[in-house]
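K.L.:
First, the structure itself, so that you have it in front of you.
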Amino acid sequence: MVAKSKLGLGELIATRRDALSFKPEAILEGTLQEILKLSALAPSELNLQPTRFILVRTPQGKAKLHECAFRHRSILQAPVTVIACGDSRVENPHYLDAVMALERTPLDNTSLHQAVSQLFSYKPSFGSLEVWVNRQVMLTVAHLLLAAQSVGVDSCLLQSFVQGHVQRAFGLPEEVFVCALIPLGYANPPLKQFGGHFDLNKVVYEEQFSAHLEGFLP
Ligand SMILES: Cc1cc2nc3c(=O)[nH]c(=O)nc-3n(C[C@H](O)[C@H](O)[C@H](O)COP(=O)(O)O)c2cc1C
């Protein structure tokens, strides 16, 4: 039985904080699977779903990852760390067939192949596959943080790691990019102190980007 939070989504978003250190307490397998299942429901461009999660929970795996991530202590402490990575080989016809087999894409098979081919040859809004993959994966990561919190599991998010070291240590091909590491577990209090957020009038502009960078620069 997975313990559900009584908090609504707004409260979950407002109260989530990065965990600074973790207790050794394990996460029940059902709880972990629930977090992963919800995270994998995140949207992705053309429903291509490039996100892959590697679960690191053995002492050997944790020790390897710890070395790849500037020895961040959370990786040794947390019962599990998720390596969130993205596979850029989504243009592969076999892969597209698998997406089509989900039967939930609004495009027919030919249109999907064409749309993907155009997207990656024209790259209208991104410079590289690595950027495209990171956009998709980080959305699933955002889901993962909140999904974890919704079942009472704390998390922290790490992007301080050496990409090539993680790829080599965990058998990732060069087309698969590591986007984030997420230690999951039960935090030792205190959580990270609230760092504050800018008021909306500093981050939301009407109709066009604020030319005078109101509030930030003279
Ligand atoms: C994309 C991203 C990368 C981050 N990378 C690191 C990191 O490498 N090391 C670390 O200690 N914290 C990292 N953090 C955690 C942030 O420092 C933390 O989220 C921020 O201070 C706000 O705190 P909060 O999550 O408690 O609101 C990262 C957060 C994000 C969103």
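Chain lettering (A, B, ...) mirrors the order of the structure tokens, residue numbering begins at 1 for each chain separately, and ligand numbering begins at 1 in order of display.
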Just want the residues within 12 Å of ligand 1, written as a PyMOL selection string, counting only C-alpha atoms and all ligand atoms.

P.N.:
chain A and resi 12-21+68-75+84+134-135+137-139+141-142+145-146+149+154-162+179-183+190-197

K.L.:
From the DSSP assignment of the backbone, select every residue of segment 67-123 of chain A that is strand (DSSP E or B), and format the answer as a list of chain:residue names.

P.N.:
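Filtering segment 67-123 of chain A to strand (DSSP E or B) leaves A:Val80, A:Thr81, A:Val82, A:Ile83, A:Ala84, A:Cys85, A:Gly86, A:Asp87.
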
K.L.:
Using only C-alpha atoms, find the one residue out of A:Tyr122, A:Phe53, A:Phe177, A:Phe22 that sits nearest to Thr140 of chain A.

P.N.:
A:Phe53

K.L.:
List every residue of segment 92-171 of chain A that has an atom at most 9 Å from any atom of segment 57-65 of chain A, and for each one report the closest atom pair and its distance in Å to one decimal, counting only C-alpha atoms, with rows sorted by chain and then by increasing residue number, as a tab-separated table.

P.N.:
residue	atom	partner	partner_atom	distance
A:Phe161	CA	A:Leu65	CA	8.7
A:His165	CA	A:Leu65	CA	8.7
A:Val166	CA	A:Leu65	CA	6.9
A:Ala169	CA	A:Lys64	CA	6.9
A:Phe170	CA	A:Gly61	CA	8.5

K.L.:
Step one, run DSSP on the backbone; step two, keep only residues of segment 135-207 of chain A assigned to helix (DSSP H, G or I); then write them as a PyMOL selection string.

P.N.:
chain A and resi 135-150+163-169+200-203

K.L.:
Go ahead and save the residues from that selection, with N, CA and C atoms, as a compact mmCIF listing (two decimals), in the first residue's frame.

P.N.:
# COMPACT_ATOMS: atom_id res chain seq x y z
N ARG A 135 15.51 18.74 -22.68
CA ARG A 135 14.18 19.34 -22.45
C ARG A 135 13.17 18.27 -22.06
N GLN A 136 13.19 17.18 -22.79
CA GLN A 136 12.18 16.14 -22.52
C GLN A 136 12.45 15.50 -21.16
N VAL A 137 13.70 15.18 -20.90
CA VAL A 137 14.02 14.44 -19.67
C VAL A 137 13.76 15.29 -18.43
N MET A 138 14.09 16.58 -18.51
CA MET A 138 13.92 17.40 -17.30
C MET A 138 12.44 17.57 -16.94
N LEU A 139 11.58 17.45 -17.95
CA LEU A 139 10.15 17.49 -17.63
C LEU A 139 9.75 16.23 -16.84
N THR A 140 10.30 15.10 -17.22
CA THR A 140 9.98 13.89 -16.43
C THR A 140 10.61 14.00 -15.04
N VAL A 141 11.76 14.66 -14.96
CA VAL A 141 12.40 14.83 -13.65
C VAL A 141 11.52 15.70 -12.75
N ALA A 142 10.94 16.75 -13.32
CA ALA A 142 10.04 17.61 -12.53
C ALA A 142 8.87 16.78 -12.01
N HIS A 143 8.34 15.94 -12.89
CA HIS A 143 7.25 15.05 -12.44
C HIS A 143 7.75 14.13 -11.32
N LEU A 144 8.95 13.64 -11.48
CA LEU A 144 9.49 12.68 -10.50
C LEU A 144 9.61 13.31 -9.11
N LEU A 145 10.11 14.55 -9.06
CA LEU A 145 10.27 15.20 -7.75
C LEU A 145 8.92 15.33 -7.04
N LEU A 146 7.90 15.74 -7.81
CA LEU A 146 6.58 15.94 -7.19
C LEU A 146 5.88 14.61 -6.92
N ALA A 147 6.07 13.66 -7.82
CA ALA A 147 5.47 12.33 -7.59
C ALA A 147 6.06 11.73 -6.31
N ALA A 148 7.38 11.90 -6.14
CA ALA A 148 8.03 11.37 -4.92
C ALA A 148 7.42 12.03 -3.69
N GLN A 149 7.33 13.35 -3.76
CA GLN A 149 6.81 14.07 -2.59
C GLN A 149 5.37 13.66 -2.29
N SER A 150 4.61 13.36 -3.33
CA SER A 150 3.20 13.01 -3.13
C SER A 150 3.05 11.68 -2.39
N GLN A 163 29.65 13.89 -17.28
CA GLN A 163 28.83 13.16 -18.26
C GLN A 163 29.53 11.88 -18.75
N GLY A 164 30.75 12.03 -19.22
CA GLY A 164 31.47 10.89 -19.81
C GLY A 164 31.74 9.79 -18.78
N HIS A 165 31.97 10.20 -17.55
CA HIS A 165 32.25 9.21 -16.51
C HIS A 165 31.00 8.38 -16.21
N VAL A 166 29.83 9.06 -16.14
CA VAL A 166 28.59 8.31 -15.88
C VAL A 166 28.31 7.39 -17.07
N GLN A 167 28.49 7.91 -18.29
CA GLN A 167 28.23 7.09 -19.48
C GLN A 167 29.08 5.82 -19.45
N ARG A 168 30.36 5.99 -19.15
CA ARG A 168 31.25 4.81 -19.16
C ARG A 168 30.94 3.85 -18.01
N ALA A 169 30.72 4.41 -16.83
CA ALA A 169 30.54 3.56 -15.65
C ALA A 169 29.24 2.75 -15.69
N LEU A 200 6.35 37.44 -8.97
CA LEU A 200 5.89 37.21 -10.36
C LEU A 200 6.14 38.41 -11.26
N ASN A 201 6.06 39.63 -10.71
CA ASN A 201 6.24 40.79 -11.59
C ASN A 201 7.67 40.89 -12.12
N LYS A 202 8.59 40.12 -11.55
CA LYS A 202 9.96 40.10 -12.08
C LYS A 202 10.15 39.01 -13.13
N VAL A 203 9.29 38.01 -13.11
CA VAL A 203 9.52 36.88 -14.02
C VAL A 203 8.45 36.74 -15.11

K.L.:
When you count only C-alpha atoms, which of these residues is closest to Ser128 of chain A: A:Ala3, A:Ala40, A:Gly30, A:Ser88?

P.N.:
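That would be A:Ser88, the residue with the smallest distance to Ser128 of chain A.
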
K.L.:
I'd like to know which of A:Leu76, A:Leu38, A:Val178, A:Leu46 is closest to Val131 of chain A, using only C-alpha atoms.

P.N.:
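Answer, going by the shortest atom-to-atom distance: A:Val178.
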
K.L.:
Given the choices A:Leu9, A:Val133, A:Val80, A:Leu48, which gets closest to Met100 of chain A if the distance is worked out from only C-alpha atoms?

P.N.:
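Checking each of A:Leu9, A:Val133, A:Val80, A:Leu48 against Met100 of chain A, counting only C-alpha atoms, the winner is A:Leu48.
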
K.L.:
Pick out the closest residue to Cys85 of chain A from this set: A:Ala98, A:Pro173, A:Gln208, A:Leu41. Count only C-alpha atoms.

P.N.:
A:Pro173
